[in-house]
Amino acid sequence: MSIAAGTYEIRSHAGVLDAASLASGPIEPDLPEPFGIALSVREDEIDAFGHVNNTVYQRWMEACAWAHSAAVGLDPDRCRALRRGMALKAIETDYLRASFRDQAIVVLNWIARIDRLKAERRFQVCCAQTGSTLARSRASYVCIDLATGAPSRMPSDFIARYTVSEAVRARLSQDGLSSRPR
């Protein structure tokens, strides 16, 4: 998968998962109705300690977010036409286990919160063979005007496509978390 975004290109060796393939495996998603990608750890992702470097997990999550955006109709071309994009504001990641060369990896994500200016995604990075969660992340994004880089209200197209599913909203509520931004 390669998603061109102007002069910036996100290259990933990932494929989008279908719900059936996820349901038949050992992975237990943190939240219902995930969007996910599958990939294999490559040689160039291994660091001096013999495992995947933490920065690679961040690239995988970014690739998953771009793939999700494209799947809901907000690929880079559409964002440029709307002159709006989502920029990462903050990210908090808990690295739980190492991953190694040739492992099959699944990266899941959910829109957990949305308003007219901000959105939050949750990510879960898993080993496909064992189902083990390798990392969890919570990322905050702000909508920006692509011409100025300044924060800007989301166009209605973003609000319509970046949605918190009712199942995710209910689960977050059940866990005492809100699907509304802070």
# chains A, B, ... in the order shown; residues from 1 in each chain; ligands from 1

$ closest_atom_pairs --of "range 71-106 of chain A" --to "range 144-162 of chain A" --cutoff "8 Å" --atoms "only C-alpha atoms" --output "tab-separated table"
residue	atom	partner	partner_atom	distance
A:Val72	CA	A:Arg161	CA	5.9
A:Gly73	CA	A:Arg161	CA	7.4
A:Leu74	CA	A:Phe158	CA	7.6
A:Arg80	CA	A:Leu146	CA	7.2
A:Leu82	CA	A:Pro155	CA	7.5
A:Arg83	CA	A:Leu146	CA	5.2
A:Arg84	CA	A:Asp145	CA	4.8
A:Gly85	CA	A:Ile144	CA	5.5
A:Met86	CA	A:Ile144	CA	6.1
A:Ala87	CA	A:Ile144	CA	6.6

$ atom_distance --atom1 "CA of Ser137 in chain A" --atom2 "CA of Glu120 in chain A"
10.3 Å

$ select_by_dssp --residues "range 66-124 of chain A" --states "strand (DSSP E)" --output "count of residues only"
30

$ select_by_dssp --residues "chain A" --states "alpha helix (DSSP H)" --output "NGL selection string"
:A and (19-23 or 54-71 or 76-82 or 156-161 or 166-174)

$ closest_atom_pairs --of "range 109-152 of chain A" --to "range 27-33 of chain A" --cutoff "10 Å" --atoms "only C-alpha atoms" --output "tab-separated table"
residue	atom	partner	partner_atom	distance
A:Asn109	CA	A:Leu31	CA	8.9
A:Trp110	CA	A:Leu31	CA	7.7
A:Ala112	CA	A:Leu31	CA	9.4
A:Arg122	CA	A:Leu31	CA	9.0
A:Phe123	CA	A:Asp30	CA	8.8
A:Gln124	CA	A:Asp30	CA	7.3
A:Val125	CA	A:Pro29	CA	9.6
A:Cys126	CA	A:Ile27	CA	7.1
A:Cys127	CA	A:Ile27	CA	7.9
A:Ala128	CA	A:Ile27	CA	6.8
A:Gln129	CA	A:Ile27	CA	8.6
A:Thr130	CA	A:Ile27	CA	7.5
A:Gly131	CA	A:Ile27	CA	4.1
A:Ser132	CA	A:Ile27	CA	7.0
A:Thr133	CA	A:Ile27	CA	8.0
A:Arg136	CA	A:Asp30	CA	9.2

$ atom_distance --atom1 "CA of Leu39 in chain A" --atom2 "CA of Val106 in chain A"
6.5 Å

$ atom_distance --atom1 "CA of Ala48 in chain A" --atom2 "CA of Ala98 in chain A"
13.1 Å

$ closest_residue --among "A:Arg116, A:Asp102, A:Ala139, A:Thr93" --to "Thr55 in chain A" --atoms "only C-alpha atoms"
A:Thr93

$ closest_residue --among "A:Cys79, A:Ala167, A:Leu96, A:Cys143" --to "Asn54 in chain A" --atoms "only C-alpha atoms"
A:Leu96

$ residues_around --residues "range 36-38 of chain A" --least-positions-apart "5" --cutoff "7 Å" --atoms "only C-alpha atoms" --output "list in words"
Ala14, Gly15, Val16, Leu17, Cys64, Ile105, Val106, Val107, Leu108 and Asn109 of chain A

$ decode --residues "range 149-164 of chain A" --atoms "all heavy atoms" --output "PDB file, in the first residue's frame"
ATOM      1  N   GLY A 149      -1.981  25.857   7.692  1.00  0.00           N
ATOM      2  CA  GLY A 149      -1.549  25.030   8.818  1.00  0.00           C
ATOM      3  C   GLY A 149      -2.251  25.381  10.113  1.00  0.00           C
ATOM      4  O   GLY A 149      -2.006  24.773  11.149  1.00  0.00           O
ATOM      5  N   ALA A 150      -3.141  26.360  10.073  1.00  0.00           N
ATOM      6  CA  ALA A 150      -3.861  26.798  11.272  1.00  0.00           C
ATOM      7  C   ALA A 150      -5.033  25.867  11.572  1.00  0.00           C
ATOM      8  O   ALA A 150      -5.655  25.319  10.648  1.00  0.00           O
ATOM      9  CB  ALA A 150      -4.383  28.219  11.080  1.00  0.00           C
ATOM     10  N   PRO A 151      -5.364  25.684  12.855  1.00  0.00           N
ATOM     11  CA  PRO A 151      -6.551  24.902  13.204  1.00  0.00           C
ATOM     12  C   PRO A 151      -7.787  25.480  12.516  1.00  0.00           C
ATOM     13  O   PRO A 151      -7.905  26.698  12.364  1.00  0.00           O
ATOM     14  CB  PRO A 151      -6.654  25.058  14.719  1.00  0.00           C
ATOM     15  CG  PRO A 151      -5.250  25.339  15.155  1.00  0.00           C
ATOM     16  CD  PRO A 151      -4.656  26.170  14.049  1.00  0.00           C
ATOM     17  N   SER A 152      -8.660  24.593  12.087  1.00  0.00           N
ATOM     18  CA  SER A 152      -9.861  25.004  11.360  1.00  0.00           C
ATOM     19  C   SER A 152     -10.972  23.991  11.619  1.00  0.00           C
ATOM     20  O   SER A 152     -10.707  22.803  11.764  1.00  0.00           O
ATOM     21  CB  SER A 152      -9.544  25.070   9.865  1.00  0.00           C
ATOM     22  OG  SER A 152     -10.651  25.514   9.130  1.00  0.00           O
ATOM     23  N   ARG A 153     -12.189  24.470  11.646  1.00  0.00           N
ATOM     24  CA  ARG A 153     -13.319  23.560  11.847  1.00  0.00           C
ATOM     25  C   ARG A 153     -13.355  22.514  10.738  1.00  0.00           C
ATOM     26  O   ARG A 153     -13.031  22.795   9.593  1.00  0.00           O
ATOM     27  CB  ARG A 153     -14.619  24.343  11.891  1.00  0.00           C
ATOM     28  CG  ARG A 153     -14.723  25.222  13.132  1.00  0.00           C
ATOM     29  CD  ARG A 153     -15.966  26.079  13.139  1.00  0.00           C
ATOM     30  NE  ARG A 153     -17.191  25.372  13.435  1.00  0.00           N
ATOM     31  CZ  ARG A 153     -17.619  25.029  14.644  1.00  0.00           C
ATOM     32  NH1 ARG A 153     -16.890  25.323  15.699  1.00  0.00           N
ATOM     33  NH2 ARG A 153     -18.765  24.403  14.804  1.00  0.00           N
ATOM     34  N   MET A 154     -13.772  21.309  11.126  1.00  0.00           N
ATOM     35  CA  MET A 154     -13.864  20.233  10.144  1.00  0.00           C
ATOM     36  C   MET A 154     -14.993  20.512   9.173  1.00  0.00           C
ATOM     37  O   MET A 154     -16.066  20.961   9.573  1.00  0.00           O
ATOM     38  CB  MET A 154     -14.178  18.904  10.844  1.00  0.00           C
ATOM     39  CG  MET A 154     -13.028  18.294  11.548  1.00  0.00           C
ATOM     40  SD  MET A 154     -13.500  16.644  12.116  1.00  0.00           S
ATOM     41  CE  MET A 154     -12.488  16.556  13.580  1.00  0.00           C
ATOM     42  N   PRO A 155     -14.761  20.207   7.897  1.00  0.00           N
ATOM     43  CA  PRO A 155     -15.871  20.291   6.947  1.00  0.00           C
ATOM     44  C   PRO A 155     -16.916  19.221   7.281  1.00  0.00           C
ATOM     45  O   PRO A 155     -16.600  18.207   7.919  1.00  0.00           O
ATOM     46  CB  PRO A 155     -15.216  20.032   5.597  1.00  0.00           C
ATOM     47  CG  PRO A 155     -13.825  19.628   5.847  1.00  0.00           C
ATOM     48  CD  PRO A 155     -13.510  19.815   7.285  1.00  0.00           C
ATOM     49  N   SER A 156     -18.130  19.439   6.843  1.00  0.00           N
ATOM     50  CA  SER A 156     -19.203  18.479   7.137  1.00  0.00           C
ATOM     51  C   SER A 156     -18.873  17.087   6.609  1.00  0.00           C
ATOM     52  O   SER A 156     -19.278  16.083   7.197  1.00  0.00           O
ATOM     53  CB  SER A 156     -20.530  18.976   6.566  1.00  0.00           C
ATOM     54  OG  SER A 156     -20.426  19.148   5.162  1.00  0.00           O
ATOM     55  N   ASP A 157     -18.108  17.010   5.520  1.00  0.00           N
ATOM     56  CA  ASP A 157     -17.697  15.723   4.972  1.00  0.00           C
ATOM     57  C   ASP A 157     -16.861  14.936   5.986  1.00  0.00           C
ATOM     58  O   ASP A 157     -16.996  13.721   6.116  1.00  0.00           O
ATOM     59  CB  ASP A 157     -16.899  15.956   3.687  1.00  0.00           C
ATOM     60  CG  ASP A 157     -17.057  14.837   2.675  1.00  0.00           C
ATOM     61  OD1 ASP A 157     -17.980  14.009   2.826  1.00  0.00           O
ATOM     62  OD2 ASP A 157     -16.252  14.785   1.731  1.00  0.00           O
ATOM     63  N   PHE A 158     -15.990  15.612   6.733  1.00  0.00           N
ATOM     64  CA  PHE A 158     -15.184  14.947   7.758  1.00  0.00           C
ATOM     65  C   PHE A 158     -16.091  14.434   8.874  1.00  0.00           C
ATOM     66  O   PHE A 158     -15.959  13.298   9.318  1.00  0.00           O
ATOM     67  CB  PHE A 158     -14.152  15.909   8.352  1.00  0.00           C
ATOM     68  CG  PHE A 158     -12.884  16.071   7.563  1.00  0.00           C
ATOM     69  CD1 PHE A 158     -12.879  16.075   6.175  1.00  0.00           C
ATOM     70  CD2 PHE A 158     -11.686  16.259   8.207  1.00  0.00           C
ATOM     71  CE1 PHE A 158     -11.713  16.250   5.457  1.00  0.00           C
ATOM     72  CE2 PHE A 158     -10.509  16.431   7.512  1.00  0.00           C
ATOM     73  CZ  PHE A 158     -10.521  16.422   6.127  1.00  0.00           C
ATOM     74  N   ILE A 159     -16.985  15.289   9.341  1.00  0.00           N
ATOM     75  CA  ILE A 159     -17.893  14.917  10.435  1.00  0.00           C
ATOM     76  C   ILE A 159     -18.737  13.707  10.034  1.00  0.00           C
ATOM     77  O   ILE A 159     -18.959  12.801  10.837  1.00  0.00           O
ATOM     78  CB  ILE A 159     -18.807  16.101  10.828  1.00  0.00           C
ATOM     79  CG1 ILE A 159     -17.979  17.273  11.352  1.00  0.00           C
ATOM     80  CG2 ILE A 159     -19.872  15.682  11.825  1.00  0.00           C
ATOM     81  CD1 ILE A 159     -17.313  17.039  12.682  1.00  0.00           C
ATOM     82  N   ALA A 160     -19.191  13.684   8.787  1.00  0.00           N
ATOM     83  CA  ALA A 160     -20.031  12.580   8.315  1.00  0.00           C
ATOM     84  C   ALA A 160     -19.260  11.268   8.189  1.00  0.00           C
ATOM     85  O   ALA A 160     -19.817  10.194   8.400  1.00  0.00           O
ATOM     86  CB  ALA A 160     -20.657  12.946   6.963  1.00  0.00           C
ATOM     87  N   ARG A 161     -17.973  11.343   7.878  1.00  0.00           N
ATOM     88  CA  ARG A 161     -17.199  10.130   7.597  1.00  0.00           C
ATOM     89  C   ARG A 161     -16.361   9.636   8.773  1.00  0.00           C
ATOM     90  O   ARG A 161     -16.135   8.445   8.916  1.00  0.00           O
ATOM     91  CB  ARG A 161     -16.324  10.353   6.373  1.00  0.00           C
ATOM     92  CG  ARG A 161     -17.157  10.573   5.121  1.00  0.00           C
ATOM     93  CD  ARG A 161     -16.301  11.078   3.976  1.00  0.00           C
ATOM     94  NE  ARG A 161     -17.088  11.496   2.856  1.00  0.00           N
ATOM     95  CZ  ARG A 161     -17.348  10.731   1.802  1.00  0.00           C
ATOM     96  NH1 ARG A 161     -16.883   9.505   1.743  1.00  0.00           N
ATOM     97  NH2 ARG A 161     -18.070  11.201   0.813  1.00  0.00           N
ATOM     98  N   TYR A 162     -15.864  10.541   9.591  1.00  0.00           N
ATOM     99  CA  TYR A 162     -15.122  10.156  10.796  1.00  0.00           C
ATOM    100  C   TYR A 162     -16.121  10.056  11.935  1.00  0.00           C
ATOM    101  O   TYR A 162     -16.393  11.027  12.619  1.00  0.00           O
ATOM    102  CB  TYR A 162     -14.047  11.189  11.154  1.00  0.00           C
ATOM    103  CG  TYR A 162     -12.845  11.223  10.254  1.00  0.00           C
ATOM    104  CD1 TYR A 162     -12.331  12.433   9.814  1.00  0.00           C
ATOM    105  CD2 TYR A 162     -12.188  10.059   9.868  1.00  0.00           C
ATOM    106  CE1 TYR A 162     -11.199  12.478   9.012  1.00  0.00           C
ATOM    107  CE2 TYR A 162     -11.069  10.098   9.058  1.00  0.00           C
ATOM    108  CZ  TYR A 162     -10.578  11.315   8.631  1.00  0.00           C
ATOM    109  OH  TYR A 162      -9.462  11.361   7.850  1.00  0.00           O
ATOM    110  N   THR A 163     -16.672   8.885  12.113  1.00  0.00           N
ATOM    111  CA  THR A 163     -17.722   8.728  13.117  1.00  0.00           C
ATOM    112  C   THR A 163     -17.294   7.758  14.212  1.00  0.00           C
ATOM    113  O   THR A 163     -16.490   6.855  13.979  1.00  0.00           O
ATOM    114  CB  THR A 163     -19.022   8.212  12.473  1.00  0.00           C
ATOM    115  OG1 THR A 163     -18.766   6.942  11.863  1.00  0.00           O
ATOM    116  CG2 THR A 163     -19.548   9.182  11.428  1.00  0.00           C
ATOM    117  N   VAL A 164     -17.846   7.990  15.384  1.00  0.00           N
ATOM    118  CA  VAL A 164     -17.690   7.045  16.493  1.00  0.00           C
ATOM    119  C   VAL A 164     -18.878   6.095  16.372  1.00  0.00           C
ATOM    120  O   VAL A 164     -20.033   6.536  16.456  1.00  0.00           O
ATOM    121  CB  VAL A 164     -17.705   7.764  17.858  1.00  0.00           C
ATOM    122  CG1 VAL A 164     -17.541   6.752  18.990  1.00  0.00           C
ATOM    123  CG2 VAL A 164     -16.631   8.837  17.924  1.00  0.00           C
TER     124      VAL A 164
END
